[in-house]
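Reproduced below: final_8.txt, with compact mmCIF, C-alpha atoms.
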# COMPACT_ATOMS: atom_id res chain seq x y z
CA MET A 29 283.84 148.75 -2.30
CA THR A 30 283.50 145.43 -0.48
CA VAL A 31 283.33 142.39 -2.74
CA ILE A 32 280.98 139.99 -0.98
CA PRO A 33 281.31 136.25 -1.40
CA ARG A 34 278.18 134.21 -2.00
CA HIS A 35 277.56 133.23 1.57
CA ALA A 36 274.24 133.26 3.38
CA VAL A 37 274.18 133.35 7.17
CA PRO A 38 272.46 130.12 8.33
CA LEU A 39 269.09 130.64 10.00
CA ASN A 40 270.36 129.39 13.36
CA ASP A 41 273.04 132.10 13.31
CA TRP A 42 270.66 134.98 12.62
CA PRO A 43 270.16 137.53 15.41
CA ALA A 44 267.41 136.42 17.78
CA ALA A 45 264.98 139.13 16.68
CA ASP A 46 265.45 138.18 13.03
CA GLN A 47 264.76 134.53 13.80
CA VAL A 48 261.55 135.48 15.61
CA MET A 49 260.46 137.58 12.63
CA TRP A 50 261.17 134.71 10.23
CA GLN A 51 259.18 132.22 12.29
CA TYR A 52 256.27 134.67 12.40
CA VAL A 53 256.31 135.10 8.62
CA ILE A 54 256.25 131.39 7.76
CA ALA A 55 254.12 130.20 10.72
CA GLU A 56 251.50 127.73 9.53
CA GLY A 57 249.28 128.55 12.51
CA ASP A 58 245.91 127.07 13.37
CA ILE A 59 242.30 128.18 13.86
CA PHE A 60 243.24 129.97 17.08
CA GLU A 61 246.48 131.76 16.24
CA GLY A 62 246.23 132.14 12.47
CA GLN A 63 249.03 131.73 9.97
CA GLY A 64 251.91 133.92 8.94
CA PRO A 65 251.84 135.98 5.74
CA GLY A 66 254.30 133.61 4.09
CA ALA A 67 252.68 130.37 5.20
CA ASN A 68 251.38 129.63 1.71
CA TRP A 69 254.67 130.27 -0.04
CA ALA A 70 255.95 127.36 -2.08
CA PRO A 71 258.91 125.51 -0.50
CA ALA A 72 261.25 126.94 -3.13
CA THR A 73 260.05 130.47 -2.36
CA ILE A 74 260.62 129.95 1.35
CA ASP A 75 264.10 128.61 0.70
CA ASN A 76 265.04 131.42 -1.70
CA THR A 77 263.71 134.11 0.63
CA ARG A 78 265.59 132.68 3.60
CA LYS A 79 268.81 132.57 1.58
CA ALA A 80 268.33 136.11 0.29
CA TYR A 81 267.91 137.44 3.81
CA GLY A 82 270.93 135.39 4.87
CA TYR A 83 272.99 137.07 2.13
CA TRP A 84 271.79 140.44 3.36
CA LEU A 85 272.76 139.65 6.96
CA HIS A 86 276.19 138.49 5.79
CA TRP A 87 276.75 141.78 3.97
CA LEU A 88 275.64 143.73 7.03
CA GLY A 89 278.02 141.71 9.19
CA ILE A 90 281.13 142.19 7.08
CA ASN A 91 280.36 145.91 6.91
CA CYS A 92 279.97 146.16 10.71
CA LEU A 93 276.30 147.12 10.39
CA LEU A 94 274.74 144.15 12.13
CA SER A 95 275.70 144.79 15.74
CA ALA A 96 274.12 148.24 16.05
CA PRO A 97 270.87 148.10 18.08
CA VAL A 98 267.63 148.56 16.11
CA HIS A 99 263.99 148.74 17.12
CA HIS A 100 263.01 146.34 14.32
CA PRO A 101 265.26 144.07 12.19
CA LEU A 102 263.99 145.68 9.00
CA ASP A 103 265.13 149.10 10.21
CA ARG A 104 268.48 148.04 8.74
CA ILE A 105 267.04 148.23 5.22
CA THR A 106 267.53 151.78 3.96
CA PRO A 107 267.90 153.21 0.44
CA GLU A 108 271.55 154.06 1.08
CA ARG A 109 272.42 150.57 2.29
CA ILE A 110 270.54 148.84 -0.51
CA ARG A 111 272.45 150.98 -3.01
CA ALA A 112 275.76 150.00 -1.40
CA TYR A 113 274.67 146.35 -1.22
CA ILE A 114 273.92 146.26 -4.95
CA GLU A 115 277.17 148.03 -5.81
CA ASP A 116 279.15 145.49 -3.80
CA MET A 117 277.52 142.64 -5.73
CA GLN A 118 278.42 143.96 -9.16
CA ASP A 119 281.85 142.35 -9.42
CA ASN A 120 280.82 138.77 -8.67
CA THR A 121 277.15 138.42 -9.65
CA ALA A 122 275.25 138.66 -12.92
CA PRO A 123 272.56 141.34 -13.38
CA LEU A 124 269.79 138.76 -13.18
CA THR A 125 271.25 137.32 -9.98
CA ARG A 126 271.30 140.75 -8.36
CA PHE A 127 267.68 141.25 -9.35
CA VAL A 128 266.68 137.93 -7.78
CA TYR A 129 268.48 138.69 -4.52
CA ILE A 130 266.74 142.06 -4.25
CA LEU A 131 263.38 140.61 -5.29
CA ASP A 132 263.54 137.99 -2.53
CA LEU A 133 264.74 140.51 0.04
CA LEU A 134 261.90 142.86 -0.89
CA ARG A 135 259.39 140.02 -0.57
CA PHE A 136 260.53 139.40 3.00
CA ALA A 137 260.51 143.10 3.86
CA GLN A 138 256.96 143.55 2.59
CA VAL A 139 255.53 140.76 4.74
CA GLY A 140 257.82 141.42 7.70
CA ALA A 141 256.78 145.06 7.93
CA PRO A 142 253.67 145.47 5.76
CA ASP A 143 252.79 148.89 7.19
CA ARG A 144 256.01 150.47 5.98
CA GLU A 145 256.51 152.37 2.75
CA TRP A 146 258.46 150.14 0.40
CA ASP A 147 257.76 151.94 -2.88
CA TRP A 148 261.37 153.14 -3.08
CA PHE A 149 262.51 149.52 -2.77
CA LYS A 150 260.09 148.42 -5.50
CA ARG A 151 261.45 151.08 -7.85
CA ILE A 152 264.98 149.80 -7.31
CA LYS A 153 263.79 146.25 -7.96
CA ASN A 154 262.08 147.35 -11.18
CA ARG A 155 265.18 149.15 -12.42
CA LEU A 156 267.28 146.06 -11.73
CA TRP A 157 264.84 143.97 -13.73
CA ALA A 158 265.01 146.40 -16.64
CA ARG A 159 268.79 146.04 -16.68
CA ALA A 160 268.89 142.29 -16.11
CA ILE A 161 269.92 141.39 -19.65
CA PRO A 162 270.20 137.60 -20.02
CA SER A 163 273.69 136.41 -20.86
CA ARG A 164 272.31 134.21 -23.63
CA ASP A 165 269.87 135.01 -26.39
CA LYS A 166 266.95 132.79 -25.42
CA ALA A 167 264.98 133.51 -28.58
CA SER A 168 267.67 131.84 -30.70
CA LEU A 169 267.25 128.62 -28.70
CA ILE A 170 263.50 128.29 -29.17
CA ARG A 171 262.46 125.19 -31.14
CA ASN A 172 259.05 124.03 -32.18
CA SER A 173 257.70 121.60 -29.59
CA ARG A 174 256.97 119.13 -32.38
CA GLU A 175 260.70 118.95 -33.13
CA LEU A 176 261.46 118.27 -29.47
CA PHE A 177 258.75 115.62 -29.31
CA GLU A 178 260.06 113.93 -32.45
CA LEU A 179 263.57 113.97 -31.00
CA GLY A 180 262.28 111.96 -28.06
CA LEU A 181 260.55 109.48 -30.35
CA ASP A 182 263.66 109.12 -32.51
CA LEU A 183 265.83 108.32 -29.49
CA MET A 184 263.43 105.55 -28.43
CA ASN A 185 262.86 104.17 -31.92
CA GLU A 186 266.57 103.90 -32.68
CA VAL A 187 267.80 102.16 -29.52
CA SER A 188 268.15 98.83 -31.31
CA GLY A 189 271.26 100.19 -32.98
CA VAL A 190 272.76 101.75 -29.84
CA THR A 191 275.76 99.91 -28.40
CA CYS A 192 278.67 100.89 -26.19
CA ARG A 193 281.49 98.55 -25.18
CA TYR A 194 281.96 100.47 -21.92
CA ASN A 195 278.28 100.72 -20.99
CA PRO A 196 276.02 97.72 -21.69
CA LEU A 197 273.00 99.79 -20.62
CA GLN A 198 273.50 102.55 -23.18
CA ALA A 199 270.37 101.54 -25.12
CA GLU A 200 268.29 101.70 -21.93
CA ILE A 201 269.68 105.16 -21.17
CA TYR A 202 268.80 106.41 -24.65
CA TYR A 203 265.28 105.00 -24.33
CA ARG A 204 264.84 106.61 -20.92
CA ASP A 205 266.11 109.95 -22.18
CA GLY A 206 263.91 109.77 -25.26
CA LEU A 207 260.81 109.12 -23.18
CA LEU A 208 261.77 111.90 -20.78
CA ILE A 209 262.20 114.39 -23.64
CA ALA A 210 258.94 113.33 -25.33
CA ILE A 211 256.95 113.72 -22.10
CA LEU A 212 258.62 117.05 -21.36
CA ALA A 213 257.91 118.34 -24.88
CA SER A 214 254.23 117.40 -24.67
CA ARG A 215 253.66 118.22 -21.00
CA PRO A 216 256.37 120.71 -19.98
CA VAL A 217 256.13 120.53 -16.20
CA ARG A 218 258.85 122.14 -14.13
CA LEU A 219 262.14 120.28 -13.73
CA LYS A 220 261.59 119.57 -10.04
CA ASN A 221 258.24 117.91 -10.74
CA LEU A 222 259.52 116.05 -13.80
CA THR A 223 262.43 114.60 -11.82
CA ALA A 224 260.26 113.60 -8.85
CA ILE A 225 257.65 111.60 -10.80
CA GLN A 226 256.64 108.50 -8.85
CA ILE A 227 254.85 105.58 -10.47
CA GLY A 228 251.36 105.20 -9.07
CA ARG A 229 251.41 108.62 -7.43
CA HIS A 230 252.32 111.13 -10.13
CA LEU A 231 252.16 108.77 -13.11
CA ILE A 232 248.80 107.03 -13.21
CA ARG A 233 247.28 104.90 -15.96
CA ILE A 234 243.55 105.15 -16.64
CA ASP A 235 242.43 102.80 -19.42
CA ASN A 236 244.90 103.40 -22.27
CA ILE A 237 246.05 106.84 -21.14
CA TYR A 238 248.76 107.78 -18.68
CA TRP A 239 248.18 110.89 -16.57
CA LEU A 240 250.52 113.22 -14.71
CA VAL A 241 249.09 114.27 -11.35
CA PHE A 242 250.71 116.64 -8.85
CA GLU A 243 249.08 117.98 -5.72
CA ALA A 244 249.05 121.74 -5.22
CA GLY A 245 251.64 121.54 -2.44
CA GLU A 246 254.10 119.88 -4.83
CA VAL A 247 253.92 122.63 -7.44
CA LYS A 248 255.76 125.95 -7.38
CA ASN A 249 252.68 128.14 -7.69
CA ARG A 250 250.49 125.85 -5.58
CA ARG A 251 248.24 124.89 -8.49
CA HIS A 252 247.07 121.30 -8.83
CA ILE A 253 248.23 119.62 -12.05
CA GLU A 254 246.30 116.80 -13.68
CA VAL A 255 247.02 116.33 -17.39
CA PRO A 256 246.93 113.36 -19.78
CA ILE A 257 250.08 112.27 -21.57
CA PRO A 258 249.52 111.88 -25.35
CA GLU A 259 248.19 108.40 -26.06
CA ILE A 260 250.93 107.81 -28.63
CA LEU A 261 253.36 107.57 -25.70
CA SER A 262 251.40 104.92 -23.80
CA SER A 263 253.11 101.99 -25.54
CA TYR A 264 256.51 103.63 -25.06
CA ILE A 265 255.85 104.07 -21.34
CA ASP A 266 254.72 100.44 -21.11
CA ASP A 267 257.93 99.31 -22.81
CA TYR A 268 260.07 101.46 -20.54
CA LEU A 269 258.37 100.20 -17.38
CA SER A 270 258.43 96.53 -18.38
CA HIS A 271 261.81 96.27 -20.10
CA HIS A 272 264.23 99.21 -19.95
CA ARG A 273 263.63 100.51 -16.43
CA PRO A 274 264.05 97.07 -14.74
CA ARG A 275 267.43 96.70 -16.44
CA LEU A 276 268.49 100.12 -15.17
CA LEU A 277 267.31 99.30 -11.64
CA GLN A 278 269.57 96.22 -11.52
CA GLY A 279 267.56 94.67 -8.72
CA THR A 280 267.07 97.79 -6.58
CA LEU A 281 263.60 98.90 -5.53
CA SER A 282 262.20 102.34 -6.28
CA ASN A 283 258.92 103.89 -7.36
CA ARG A 284 260.63 106.83 -9.04
CA LEU A 285 260.15 106.87 -12.80
CA TRP A 286 263.60 108.03 -13.86
CA THR A 287 266.41 105.65 -12.95
CA SER A 288 270.15 106.05 -13.45
CA ARG A 289 272.35 103.35 -14.93
CA PHE A 290 273.56 102.59 -11.41
CA GLY A 291 270.06 101.80 -10.12
CA GLY A 292 269.55 105.08 -8.27
CA ASN A 293 267.17 107.96 -8.89
CA LEU A 294 268.07 110.67 -11.38
CA SER A 295 268.65 114.08 -9.83
CA CYS A 296 267.51 117.39 -11.29
CA ASN A 297 271.07 118.08 -12.42
CA SER A 298 271.26 114.70 -14.16
CA VAL A 299 267.98 115.26 -15.98
CA ARG A 300 269.09 118.73 -17.05
CA ARG A 301 272.43 117.40 -18.27
CA GLN A 302 270.88 114.61 -20.36
CA VAL A 303 268.29 116.90 -21.94
CA LYS A 304 270.96 119.45 -22.87
CA LEU A 305 273.21 116.70 -24.24
CA HIS A 306 270.63 115.29 -26.65
CA THR A 307 269.22 118.63 -27.78
CA GLU A 308 272.69 119.95 -28.53
CA GLU A 309 273.46 116.86 -30.59
CA ALA A 310 270.19 117.28 -32.50
CA PHE A 311 269.98 121.06 -32.94
CA GLY A 312 273.49 122.39 -32.41
CA LYS A 313 272.57 124.26 -29.22
CA PRO A 314 271.63 122.86 -25.81
CA ILE A 315 268.05 123.41 -24.66
CA THR A 316 267.37 123.25 -20.94
CA PRO A 317 264.25 121.61 -19.48
CA HIS A 318 262.95 125.03 -18.48
CA LEU A 319 263.26 126.24 -22.08
CA PHE A 320 260.88 123.45 -23.09
CA ARG A 321 258.20 125.54 -21.38
CA ASP A 322 259.12 128.56 -23.49
CA CYS A 323 259.13 126.38 -26.60
CA ALA A 324 255.65 125.04 -25.81
CA ALA A 325 254.14 128.45 -25.15
CA THR A 326 255.80 130.00 -28.19
CA SER A 327 254.71 127.11 -30.43
CA ILE A 328 251.12 127.60 -29.35
CA ALA A 329 251.33 131.35 -29.88
CA ILE A 330 252.72 130.87 -33.41
CA HIS A 331 250.48 128.07 -34.64
CA ASP A 332 247.31 128.78 -32.67
CA PRO A 333 247.43 132.42 -31.51
CA GLU A 334 243.67 132.59 -30.98
CA HIS A 335 244.04 130.03 -28.21
CA VAL A 336 247.18 131.37 -26.55
CA TRP A 337 245.22 131.35 -23.30
CA ILE A 338 245.61 127.55 -23.06
CA THR A 339 249.24 128.08 -22.03
CA THR A 340 247.94 129.15 -18.62
CA ASN A 341 246.75 125.57 -18.17
CA ILE A 342 249.63 123.80 -19.91
CA LEU A 343 252.32 125.66 -17.99
CA GLY A 344 250.39 126.31 -14.79
CA HIS A 345 250.55 130.10 -15.05
CA ASN A 346 248.30 132.06 -12.74
CA THR A 347 247.47 134.78 -15.25
CA LEU A 348 247.42 135.31 -18.98
CA ALA A 349 249.99 138.09 -18.57
CA THR A 350 252.74 135.50 -18.22
CA SER A 351 251.52 133.69 -21.32
CA GLN A 352 251.24 136.94 -23.26
CA LYS A 353 255.01 137.41 -23.26
CA TYR A 354 255.34 134.20 -25.26
CA TYR A 355 252.85 135.52 -27.79
CA ASP A 356 254.96 138.67 -28.12
CA GLN A 357 258.08 136.53 -28.49
CA SER A 358 256.38 134.41 -31.15
CA ARG A 359 255.57 137.55 -33.15
CA MET A 360 259.25 138.48 -33.06
CA LEU A 361 260.29 135.02 -34.22
CA GLU A 362 257.71 135.01 -37.01
CA ALA A 363 258.86 138.44 -38.14
CA GLY A 364 262.43 137.16 -38.30
CA ARG A 365 261.41 134.13 -40.33
CA HIS A 366 259.31 136.24 -42.69
CA TYR A 367 262.29 138.55 -43.20
CA GLN A 368 264.53 135.57 -43.98
CA PHE A 369 262.04 134.24 -46.54
CA THR A 370 261.75 137.71 -48.12
CA ILE A 371 265.52 138.04 -48.42
CA ALA A 372 265.74 134.54 -49.89
CA ASP A 373 263.06 135.34 -52.48
CA LEU A 374 264.79 138.59 -53.39
CA HIS A 375 268.10 136.79 -53.74
CA ARG A 376 266.57 134.20 -56.09
CA THR A 377 264.92 136.94 -58.16
CA LEU A 378 268.16 138.88 -58.57
CA ARG A 379 270.04 135.71 -59.46
CA GLU A 380 267.48 134.79 -62.12
CA GLU A 381 267.58 138.30 -63.56
CA ALA A 382 271.37 138.15 -63.72
CA ARG A 383 271.18 134.93 -65.73
CA SER A 384 268.59 136.31 -68.16
CA PRO A 385 269.95 137.73 -71.46
CA TYR A 386 267.23 140.36 -71.45
CA LYS A 387 267.10 143.20 -68.97
CA SER A 388 264.03 145.31 -68.39
CA ALA A 389 264.41 148.99 -69.22
Any chance you could put this one into structure tokens?
Amino acid sequence: MTVIPRHAVPLNDWPAADQVMWQYVIAEGDIFEGQGPGANWAPATIDNTRKAYGYWLHWLGINCLLSAPVHHPLDRITPERIRAYIEDMQDNTAPLTRFVYILDLLRFAQVGAPDREWDWFKRIKNRLWARAIPSRDKASLIRNSRELFELGLDLMNEVSGVTCRYNPLQAEIYYRDGLLIAILASRPVRLKNLTAIQIGRHLIRIDNIYWLVFEAGEVKNRRHIEVPIPEILSSYIDDYLSHHRPRLLQGTLSNRLWTSRFGGNLSCNSVRRQVKLHTEEAFGKPITPHLFRDCAATSIAIHDPEHVWITTNILGHNTLATSQKYYDQSRMLEAGRHYQFTIADLHRTLREEARSPYKSA
């Protein structure tokens, strides 16, 4: 078995035929030549697919399978080689990672050679998904979105008592993080969009309401987003823009909403770190920005199951099938809570009976 390192062959180092195939797939085209089958992929999908194929080429190379002549680059993809490829990944990748690599490779194969029979590859992908057990129990991390929203409000409302001898801007950081968490809890956009919010472009005020607006090309699934931020946050946003954010900027110029204490723009990693930090302090377990989306969908499914369909709009899902899984998850959580309440009631009953001097026959 060959243990493969996580290394993707750069596009410029791909064999010439593979580069031509890639350019065909993602070609934007025009009214005369037409576009490639992957032209409408989101930027993240293009990047992930390119990397996945680069990983595949690297594996072929270290196994001396890349230099053999082929009629078509995808002739190299066979059931036997895919089996060996997956086996070689087992020692240094998680089950979910292996699934993602194969999913992205299959996506490229299907558009690169659409006339071929890829059902065998799909079956392998499906089996990998069935075995891709998450390393953490996500259900145990789910919180009601109201709790997350209130956490954000608490952080902002309590900044007057926040001091740090080593960081004079600690109060501003707490206010920024509180606003970020409150917006994320009420409008759980994806981390990339949340981090990239620009004032006047993505954050727009109309009368007394702030709106989040993202063009289709800026969103993972290419769906335009235009949603109002709860009016209760309008005064908090005003305060952040007029007082806390200027102090964080320290004289630098930027139209990005989220600013670091050094005057620069927060990165996705920084936003993720701050959200996890505050949620762990509040709830005992860190909650990632992406989990806010699960929390929102599950909260809706628990408290308003008849309108679970609205999650397709709140989260930008293309179909209700994606939202349905949160409804199923909410049923599991509710069952667990009902069981806990039942056990608690039984425990109280037994305790009261034990204290009573009279026992029923």
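Residues in contact range of A:Glu200, defined as at most 8 Å between all atoms listed in the file, with sequence neighbours fewer than 2 positions away removed, read Val187, Leu197, Gln198, Tyr202, Tyr203, Arg204, His272, Arg273, Arg275 and Leu276 of chain A.
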Name all residues at most 8 Å from stretch 261-267 of chain A (count all atoms listed in the file; drop same-chain ones fewer than 5 positions away) and give them as a ChimeraX atom specification.
-> /A:184,207,211,236-238,272
Using only C-alpha atoms, the residue out of A:Tyr194, A:Leu222, A:Asn120, A:Leu269 with shortest distance to A:Ser282 is A:Leu269
**Message:** When you look at stretch 283-292 of chain A with a cut-off of 7 Å (counting all atoms listed in the file), what residues show up, excluding the ones that are within fewer than 5 positions of it in the same chain? I need them as number ranges by chain.
**Reply:** A: 197, 223-227, 273, 276-278
Residue with the minimum atom-to-atom distance to A:Asn297, picked from A:Leu85, A:Leu319, A:Leu219, A:Ile152 with only C-alpha atoms counted, is A:Leu219
For this session: Find the residues around A:Pro317 up to 12 Å (only C-alpha atoms counted), leave out those fewer than 3 positions away in its own chain, and share them as a PyMOL selection string.
Result: chain A and resi 169-170+176+208-213+215-223+296-307+314+320-324
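Taking atom CA of A:Gly89 and atom CA of A:Leu124 as the two end points, the separation is 24.0 Å.
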Worksheet entry | Shell around A:Ile105 at 12 Å using only C-alpha atoms, local window under 2 positions removed, as a count of residues only | 32
From the list A:Trp157, A:Arg250, A:Asn195, A:Glu259, the nearest residue to A:Ala67 using all atoms listed in the file is A:Arg250
One decimal place gives the atom CA of A:Pro274-atom CA of A:Glu254 separation as 26.6 Å
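When only C-alpha atoms are used to compute distances to A:Val128, the closest of the residues A:Val241, A:Tyr268, A:Gly189, A:Asn76 turns out to be A:Asn76.
One distance worth recording is that between atom CA of A:Ala122 and atom CA of A:His86, which is 18.7 Å.
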Nearest to A:Lys248, restricted to all atoms listed in the file and choosing among A:Ala36, A:Asp75, A:Gln47, A:Phe177, comes out as A:Asp75
A:Val247 proximity check over A:Asn172, A:Asn293, A:Asn68, A:Asn154, using all atoms listed in the file: winner is A:Asn68
